[in-house]
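K.L.:
Could you have a look at this structure, given as structure tokens, before my questions?
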Amino acid sequence: MQVATSIPMSNRPPTGYDVIILGGGAAGLMCAIEAGNRGRSVLVIERNERVGKKILISGGGRCNFTNVHASPENYFSENPDFCRSALARYTPEHFISMVESHGIAYHEKKLGQLFCDVTSVSIVEMLLAECAAANVRFQLDSEVLSVDRPSEFEVTTEHGVIRSEALVVATGGLSIPTLGASGLGYEIAEQFGLARAAERPGLVPLTFARDERVFFESLSGVSIEVTLKSGGVAFTENMLFTHRGLSGPAILQISSCWPAGSALSADLFPHESMLDVLMAARTRTQELATVLSEHAPRRFVQAWCAAFAPSLQMHRYSNAQLERIAALLHHWQLRPAGTAGYAKAEVTVGGVSTRDLRSKTMEARNLPGLFFIGEVVDVTGWLGGYNFQWAWASGFAAGQAA
């Protein structure tokens, strides 16, 4: 996968920048564009050899770049209201307008999720073109060794010391370490006295203990639509059985708000009353598994019955037994042992505490000129383009102020 390489590299004097942005991902690039458009001299420092690596792999290579339904209710944070200001000032329609102005074809896949028709490369090239128009400069393949602030901010890399009036931390979280994820942003936050909400993997598959794993392994590859509930939050989407446990959209969604060690409640038939179904089949000679297979994949039904409700001929069950089976089908209790970790996580939940940032600008309350945006902040969106919208919105907010 090739991306345009016509990126203006830095050859300015080390004190020549108004704004330094650490990280060339979605949030960092949006911030650079907005700050540059305001006439600020901007340098983006990126540890990888090219920018936008996470953009390139997202959405199966087609980049689910936003969701038309994005609202504060689609985000998790210790302060759920923090994201309101940024999301209101830079909406999905704003980003869609930029996409359309560059002639990028896109489509809505489902539930408001927008994808490129062809390739995510188009989004990175669009952002680079906007950066070029805003005179943004880049320093790629560059490791940040330290950050100080004797008077101005001083960023030390292996290429020397660079100074600026404002510093924007857009280093992302700990998810997908193969793309260069690190804890640098959290370290900078702690260095300058900002609190952190405990980090953990989000939008991630869930794993189960070895003695339970046999059941999931037997169903590997089977997908069913369920409603999953945890801590008062519910998602209705597909759940996928894997060799290690569970994945699929429903699991990825619920993983971001799942308290480790707690149980999940799964409604295996969210769109119908299984008590009505079972009672209607009460006098039939067919077995329970046969009746349930009319409403769910046979492979799943057979395994589930073998483990949780032995399949008898329907007329052999009492009404009370059918009531218990229906209740179990609508409230199947699952207790994951853990997650598949940051290597498989799409995002990091937690991060720089929102109570130490100004919601309108993303600036640190205790240190003017220091900003945190994107995934490094304790704001995590649902699966389906919401995290990109937070990146665009928080980057725009900081770019207007840095």
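Identifiers for the structure tokens are assigned positionally: chains receive A, B, ... in sequence, residues are indexed from 1 per chain, and ligands are indexed from 1 in the order shown.
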Write out as a list in words the residues lying within 6 Å of Tyr342 of chain A, counting only C-alpha atoms and excluding same-chain residues fewer than 6 positions away.
P.N.:
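The residues that qualify are Ser175, Ile176 and Pro201 of chain A.
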K.L.:
Residues of the last selection are to be written out with N, CA and C atoms, as a short mmCIF file (atom, residue, chain, number, x, y, z; two decimals), in the first residue's frame.
P.N.:
```cif
data_model
loop_
_atom_site.label_atom_id
_atom_site.label_comp_id
_atom_site.auth_asym_id
_atom_site.auth_seq_id
_atom_site.Cartn_x
_atom_site.Cartn_y
_atom_site.Cartn_z
N SER A 175 -3.03 0.78 21.96
CA SER A 175 -3.56 -0.25 21.07
C SER A 175 -2.72 -0.41 19.81
N ILE A 176 -2.66 -1.63 19.32
CA ILE A 176 -1.93 -2.03 18.11
C ILE A 176 -0.47 -1.57 18.19
N PRO A 201 -7.44 -2.08 27.35
CA PRO A 201 -7.82 -2.29 25.94
C PRO A 201 -9.32 -2.09 25.73
#
```
K.L.:
Looking only at strand (DSSP E) from DSSP on the backbone, list the matching residues of segment 143-287 of chain A as a ChimeraX atom specification.
P.N.:
/A:144-148,153-157,160-169,196-202,206-207,223-230,233-241,245-247,264-267
K.L.:
Could you pull the residues within 6 Å of Gly248 of chain A, counting only C-alpha atoms, minus those fewer than 4 positions along the same chain, as a list in words?
P.N.:
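Contacts, with the query itself left out: Asn238, Met239 and Leu240 of chain A.
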K.L.:
Keeping only all heavy atoms, write the selected residues as a short mmCIF file (atom, residue, chain, number, x, y, z; two decimals), in the first residue's frame.
P.N.:
```cif
data_model
loop_
_atom_site.label_atom_id
_atom_site.label_comp_id
_atom_site.auth_asym_id
_atom_site.auth_seq_id
_atom_site.Cartn_x
_atom_site.Cartn_y
_atom_site.Cartn_z
N ASN A 238 -23.84 -8.52 15.93
CA ASN A 238 -23.40 -9.91 15.81
C ASN A 238 -22.29 -10.23 16.81
O ASN A 238 -21.42 -9.38 17.10
CB ASN A 238 -22.90 -10.19 14.40
CG ASN A 238 -24.04 -10.47 13.44
OD1 ASN A 238 -25.21 -10.29 13.80
ND2 ASN A 238 -23.73 -10.91 12.25
N MET A 239 -22.33 -11.45 17.32
CA MET A 239 -21.29 -11.98 18.20
C MET A 239 -20.64 -13.18 17.51
O MET A 239 -21.35 -14.06 17.01
CB MET A 239 -21.90 -12.40 19.54
CG MET A 239 -20.91 -12.99 20.52
SD MET A 239 -21.67 -13.30 22.16
CE MET A 239 -22.67 -14.76 21.78
N LEU A 240 -19.33 -13.21 17.47
CA LEU A 240 -18.58 -14.24 16.75
C LEU A 240 -17.84 -15.14 17.73
O LEU A 240 -17.11 -14.65 18.60
CB LEU A 240 -17.59 -13.59 15.78
CG LEU A 240 -16.63 -14.54 15.04
CD1 LEU A 240 -17.42 -15.39 14.03
CD2 LEU A 240 -15.54 -13.73 14.33
#
```
K.L.:
Could you name the residues that touch segment 308-321 of chain A at 6 Å or less, counting only C-alpha atoms, but leaving out those on the same chain fewer than 2 positions away, as a list in words?
P.N.:
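Within the cut-off, the hits are Arg282, Thr283, Arg284, Thr285, Gln286, Glu287, Leu288, Ala289, Trp304, Cys305, Ala306, Glu323 and Arg324 of chain A.
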K.L.:
When you count only C-alpha atoms, which of these residues is closest to Phe208 of chain A: A:Thr339, A:Gln191, A:Thr290, A:Thr171?
P.N.:
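Looking at the shortest contact to Phe208 of chain A, the residue is A:Thr339.
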K.L.:
Give me the residues near Cys31 of chain A as an MDAnalysis selection string, where near means some atom within 6 Å (using only C-alpha atoms) and where sequence neighbours in that chain fewer than 4 positions away do not count.
P.N.:
chainID A and resid 395:396 399
K.L.:
I need the residue nearest Ile251 of chain A from this list: A:Leu292, A:Val136, A:Val147, A:Leu228. Use only C-alpha atoms for the distance.
P.N.:
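With only C-alpha atoms as the atom set, the closest residue is A:Leu228.
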K.L.:
Name the closest residue to Cys257 of chain A among the candidates A:Gly341, A:Gly185, A:Gly350, A:Gly369; distances are taken between atoms, counting only C-alpha atoms.
P.N.:
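Smallest separation from Cys257 of chain A among the options: A:Gly350.
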K.L.:
Give me every helix (DSSP H, G or I) residue in segment 221-261 of chain A, going by DSSP on the backbone, as a ChimeraX atom specification.
P.N.:
/A:249-255
K.L.:
From the set A:Gly36, A:Leu194, A:Gly384, A:Ala263, which residue has the shortest atom-to-atom contact distance to Leu114 of chain A, counting only C-alpha atoms?
P.N.:
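Once distances to Leu114 of chain A are computed over only C-alpha atoms, the minimum belongs to A:Gly384.
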K.L.:
Need the shell around Lys344 of chain A: protein/DNA/RNA residues with any atom at most 12 Å away, counting only C-alpha atoms. Skip same-chain ones fewer than 3 positions apart. Format as a PyMOL selection string?
P.N.:
chain A and resi 174-179+200-207+247+252+255+339-341+347-348
K.L.:
Could you please take those selected residues and save all heavy atoms as a compact mmCIF listing (two decimals), in the first residue's frame?
P.N.:
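New file out.txt:
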```
# COMPACT_ATOMS: atom_id res chain seq x y z
N LEU A 174 -2.31 2.81 23.58
CA LEU A 174 -1.45 1.63 23.60
C LEU A 174 -1.91 0.54 22.64
O LEU A 174 -1.25 -0.49 22.52
CB LEU A 174 -1.41 1.07 25.03
CG LEU A 174 -0.87 2.03 26.10
CD1 LEU A 174 -1.10 1.44 27.49
CD2 LEU A 174 0.61 2.30 25.88
N SER A 175 -3.03 0.78 21.96
CA SER A 175 -3.56 -0.25 21.07
C SER A 175 -2.72 -0.41 19.81
O SER A 175 -2.12 0.55 19.31
CB SER A 175 -5.01 0.09 20.69
OG SER A 175 -5.07 1.36 20.08
N ILE A 176 -2.66 -1.63 19.32
CA ILE A 176 -1.93 -2.03 18.11
C ILE A 176 -0.47 -1.57 18.19
O ILE A 176 -0.02 -0.71 17.41
CB ILE A 176 -2.59 -1.50 16.83
CG1 ILE A 176 -4.12 -1.62 16.89
CG2 ILE A 176 -2.06 -2.26 15.61
CD1 ILE A 176 -4.84 -1.17 15.66
N PRO A 177 0.32 -2.16 19.09
CA PRO A 177 1.73 -1.75 19.24
C PRO A 177 2.56 -1.95 17.98
O PRO A 177 3.60 -1.29 17.82
CB PRO A 177 2.23 -2.63 20.39
CG PRO A 177 1.24 -3.75 20.50
CD PRO A 177 -0.07 -3.20 20.05
N THR A 178 2.14 -2.82 17.08
CA THR A 178 2.90 -3.02 15.85
C THR A 178 2.91 -1.78 14.97
O THR A 178 3.75 -1.66 14.07
CB THR A 178 2.32 -4.20 15.03
OG1 THR A 178 0.91 -3.98 14.83
CG2 THR A 178 2.52 -5.51 15.78
N LEU A 179 1.98 -0.84 15.23
CA LEU A 179 1.96 0.41 14.47
C LEU A 179 2.73 1.51 15.18
O LEU A 179 2.68 2.68 14.79
CB LEU A 179 0.52 0.87 14.23
CG LEU A 179 -0.35 -0.05 13.37
CD1 LEU A 179 -1.71 0.59 13.13
CD2 LEU A 179 0.33 -0.35 12.04
N ARG A 200 -6.93 0.70 29.62
CA ARG A 200 -7.16 -0.72 29.36
C ARG A 200 -7.58 -0.87 27.89
O ARG A 200 -7.99 0.10 27.25
CB ARG A 200 -8.24 -1.29 30.27
CG ARG A 200 -9.57 -0.57 30.22
CD ARG A 200 -10.52 -1.08 31.29
NE ARG A 200 -11.75 -0.30 31.34
CZ ARG A 200 -12.80 -0.49 30.55
NH1 ARG A 200 -12.75 -1.43 29.63
NH2 ARG A 200 -13.88 0.26 30.66
N PRO A 201 -7.44 -2.08 27.35
CA PRO A 201 -7.82 -2.29 25.94
C PRO A 201 -9.32 -2.09 25.73
O PRO A 201 -10.14 -2.47 26.57
CB PRO A 201 -7.43 -3.76 25.69
CG PRO A 201 -6.45 -4.09 26.77
CD PRO A 201 -6.87 -3.29 27.96
N GLY A 202 -9.69 -1.50 24.61
CA GLY A 202 -11.08 -1.30 24.25
C GLY A 202 -11.34 -1.76 22.82
O GLY A 202 -10.41 -1.88 22.02
N LEU A 203 -12.60 -1.99 22.50
CA LEU A 203 -12.98 -2.56 21.20
C LEU A 203 -12.09 -3.77 20.91
O LEU A 203 -11.36 -3.83 19.93
CB LEU A 203 -12.85 -1.51 20.09
CG LEU A 203 -13.75 -0.28 20.22
CD1 LEU A 203 -13.56 0.66 19.03
CD2 LEU A 203 -15.23 -0.66 20.35
N VAL A 204 -12.17 -4.74 21.83
CA VAL A 204 -11.23 -5.86 21.82
C VAL A 204 -11.98 -7.17 22.06
O VAL A 204 -12.99 -7.20 22.79
CB VAL A 204 -10.17 -5.63 22.94
CG1 VAL A 204 -10.80 -5.62 24.32
CG2 VAL A 204 -9.05 -6.65 22.88
N PRO A 205 -11.54 -8.27 21.46
CA PRO A 205 -12.16 -9.57 21.75
C PRO A 205 -12.00 -9.96 23.21
O PRO A 205 -11.06 -9.53 23.89
CB PRO A 205 -11.38 -10.54 20.84
CG PRO A 205 -10.84 -9.68 19.74
CD PRO A 205 -10.53 -8.37 20.39
N LEU A 206 -12.93 -10.78 23.70
CA LEU A 206 -12.88 -11.26 25.07
C LEU A 206 -12.48 -12.73 25.09
O LEU A 206 -12.87 -13.50 24.22
CB LEU A 206 -14.25 -11.07 25.75
CG LEU A 206 -14.74 -9.62 25.86
CD1 LEU A 206 -16.12 -9.57 26.49
CD2 LEU A 206 -13.76 -8.76 26.65
N THR A 207 -11.69 -13.10 26.09
CA THR A 207 -11.19 -14.46 26.20
C THR A 207 -11.80 -15.14 27.42
O THR A 207 -12.31 -14.48 28.33
CB THR A 207 -9.66 -14.48 26.31
OG1 THR A 207 -9.27 -13.70 27.46
CG2 THR A 207 -9.03 -13.86 25.07
N SER A 247 -15.75 -12.65 19.83
CA SER A 247 -15.40 -11.41 19.14
C SER A 247 -16.64 -10.96 18.38
O SER A 247 -17.76 -11.28 18.75
CB SER A 247 -14.20 -11.62 18.21
OG SER A 247 -13.75 -10.39 17.68
N LEU A 252 -16.94 -6.45 20.70
CA LEU A 252 -16.02 -5.30 20.66
C LEU A 252 -16.68 -4.09 21.33
O LEU A 252 -16.03 -3.37 22.10
CB LEU A 252 -15.63 -4.98 19.22
CG LEU A 252 -14.89 -6.07 18.44
CD1 LEU A 252 -14.47 -5.55 17.07
CD2 LEU A 252 -13.68 -6.58 19.20
N SER A 255 -16.94 -4.55 25.17
CA SER A 255 -15.63 -4.65 25.83
C SER A 255 -15.15 -3.31 26.37
O SER A 255 -14.42 -3.26 27.36
CB SER A 255 -14.58 -5.21 24.86
OG SER A 255 -14.25 -4.26 23.86
N THR A 339 -9.31 -9.99 28.26
CA THR A 339 -9.38 -9.54 26.87
C THR A 339 -8.18 -10.07 26.09
O THR A 339 -7.23 -10.61 26.66
CB THR A 339 -9.36 -8.00 26.78
OG1 THR A 339 -8.02 -7.52 27.02
CG2 THR A 339 -10.31 -7.38 27.80
N ALA A 340 -8.24 -9.89 24.78
CA ALA A 340 -7.13 -10.31 23.93
C ALA A 340 -5.97 -9.33 23.97
O ALA A 340 -4.96 -9.53 23.28
CB ALA A 340 -7.62 -10.48 22.49
N GLY A 341 -6.11 -8.25 24.76
CA GLY A 341 -4.99 -7.33 24.99
C GLY A 341 -4.85 -6.24 23.94
O GLY A 341 -5.59 -6.18 22.96
N VAL A 347 -8.73 0.37 20.23
CA VAL A 347 -8.54 1.63 20.94
C VAL A 347 -8.07 1.36 22.36
O VAL A 347 -8.11 0.23 22.84
CB VAL A 347 -9.84 2.47 21.00
CG1 VAL A 347 -10.28 2.90 19.61
CG2 VAL A 347 -10.94 1.68 21.69
N THR A 348 -7.68 2.44 23.03
CA THR A 348 -7.34 2.39 24.45
C THR A 348 -8.42 3.15 25.21
O THR A 348 -8.69 4.32 24.92
CB THR A 348 -5.97 3.03 24.72
OG1 THR A 348 -4.98 2.35 23.95
CG2 THR A 348 -5.62 2.95 26.20
```
K.L.:
From the list A:Ser85, A:Ser146, A:Ser218, A:Thr380, which residue is nearest Phe241 of chain A when using only C-alpha atoms?
P.N.:
A:Ser218
K.L.:
Taking only C-alpha atoms into account, name the residue in A:Pro249, A:Gly59, A:Gly39, A:Gly103 that is nearest to Trp382 of chain A.
P.N.:
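Answer, going by the shortest atom-to-atom distance: A:Pro249.
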K.L.:
Name all residues at most 12 Å from Pro72 of chain A (count only C-alpha atoms; drop same-chain ones fewer than 5 positions away) and give them as a JSON list (two decimals) with N, CA and C atoms, in the first residue's frame.
P.N.:
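Once written, result03.json looks like this:
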```
[["chain", "number", "residue", "atom", "x", "y", "z"],
["A", 77, "SER", "N", -16.35, 7.91, 28.99],
["A", 77, "SER", "CA", -15.36, 8.74, 29.66],
["A", 77, "SER", "C", -15.76, 8.87, 31.12],
["A", 79, "ASN", "N", -15.88, 11.57, 32.47],
["A", 79, "ASN", "CA", -16.76, 12.73, 32.37],
["A", 79, "ASN", "C", -17.46, 12.67, 31.01],
["A", 80, "PRO", "N", -18.63, 12.05, 30.95],
["A", 80, "PRO", "CA", -19.31, 11.85, 29.66],
["A", 80, "PRO", "C", -19.65, 13.14, 28.92],
["A", 81, "ASP", "N", -19.71, 14.27, 29.63],
["A", 81, "ASP", "CA", -20.07, 15.53, 28.97],
["A", 81, "ASP", "C", -18.88, 16.24, 28.35],
["A", 82, "PHE", "N", -17.67, 15.78, 28.65],
["A", 82, "PHE", "CA", -16.48, 16.50, 28.20],
["A", 82, "PHE", "C", -16.44, 16.65, 26.67],
["A", 83, "CYS", "N", -16.86, 15.62, 25.94],
["A", 83, "CYS", "CA", -16.70, 15.63, 24.49],
["A", 83, "CYS", "C", -17.74, 16.50, 23.77],
["A", 84, "ARG", "N", -18.72, 17.01, 24.49],
["A", 84, "ARG", "CA", -19.83, 17.72, 23.84],
["A", 84, "ARG", "C", -19.35, 18.93, 23.03],
["A", 85, "SER", "N", -18.52, 19.75, 23.61],
["A", 85, "SER", "CA", -18.11, 20.99, 22.95],
["A", 85, "SER", "C", -17.40, 20.72, 21.63],
["A", 86, "ALA", "N", -16.39, 19.84, 21.66],
["A", 86, "ALA", "CA", -15.62, 19.56, 20.44],
["A", 86, "ALA", "C", -16.49, 18.92, 19.37],
["A", 87, "LEU", "N", -17.34, 17.98, 19.77],
["A", 87, "LEU", "CA", -18.19, 17.30, 18.79],
["A", 87, "LEU", "C", -19.22, 18.25, 18.17],
["A", 88, "ALA", "N", -19.65, 19.23, 18.93],
["A", 88, "ALA", "CA", -20.63, 20.19, 18.42],
["A", 88, "ALA", "C", -20.00, 21.16, 17.43],
["A", 91, "THR", "N", -18.49, 18.63, 13.30],
["A", 91, "THR", "CA", -19.45, 17.55, 13.17],
["A", 91, "THR", "C", -19.06, 16.60, 12.03],
["A", 379, "VAL", "N", -11.46, 9.67, 26.34],
["A", 379, "VAL", "CA", -12.71, 9.69, 25.58],
["A", 379, "VAL", "C", -12.62, 8.55, 24.58],
["A", 380, "THR", "N", -13.53, 7.60, 24.66],
["A", 380, "THR", "CA", -13.50, 6.43, 23.78],
["A", 380, "THR", "C", -14.85, 6.25, 23.11],
["A", 381, "GLY", "N", -14.84, 6.17, 21.79],
["A", 381, "GLY", "CA", -16.08, 6.04, 21.04],
["A", 381, "GLY", "C", -16.48, 4.61, 20.79],
["A", 382, "TRP", "N", -17.72, 4.43, 20.39],
["A", 382, "TRP", "CA", -18.21, 3.13, 19.97],
["A", 382, "TRP", "C", -17.49, 2.69, 18.70],
["A", 386, "TYR", "N", -16.84, 6.30, 15.18],
["A", 386, "TYR", "CA", -16.97, 7.30, 16.24],
["A", 386, "TYR", "C", -15.60, 7.78, 16.75],
["A", 387, "ASN", "N", -14.62, 6.91, 16.80],
["A", 387, "ASN", "CA", -13.31, 7.33, 17.29],
["A", 387, "ASN", "C", -12.59, 8.23, 16.30],
["A", 389, "GLN", "N", -14.23, 10.32, 14.41],
["A", 389, "GLN", "CA", -14.90, 11.62, 14.57],
["A", 389, "GLN", "C", -14.36, 12.35, 15.79],
["A", 390, "TRP", "N", -14.06, 11.62, 16.88],
["A", 390, "TRP", "CA", -13.44, 12.28, 18.03],
["A", 390, "TRP", "C", -12.05, 12.81, 17.68],
["A", 393, "ALA", "N", -12.62, 16.00, 15.64],
["A", 393, "ALA", "CA", -13.19, 17.07, 16.45],
["A", 393, "ALA", "C", -12.21, 17.61, 17.48]]
```
K.L.:
Figure out the distance between atom CA of Glu108 of chain A and atom CA of Val124 of chain A, please, to one decimal in Å.
P.N.:
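Rounded to one decimal, the two atoms are 19.3 Å apart.
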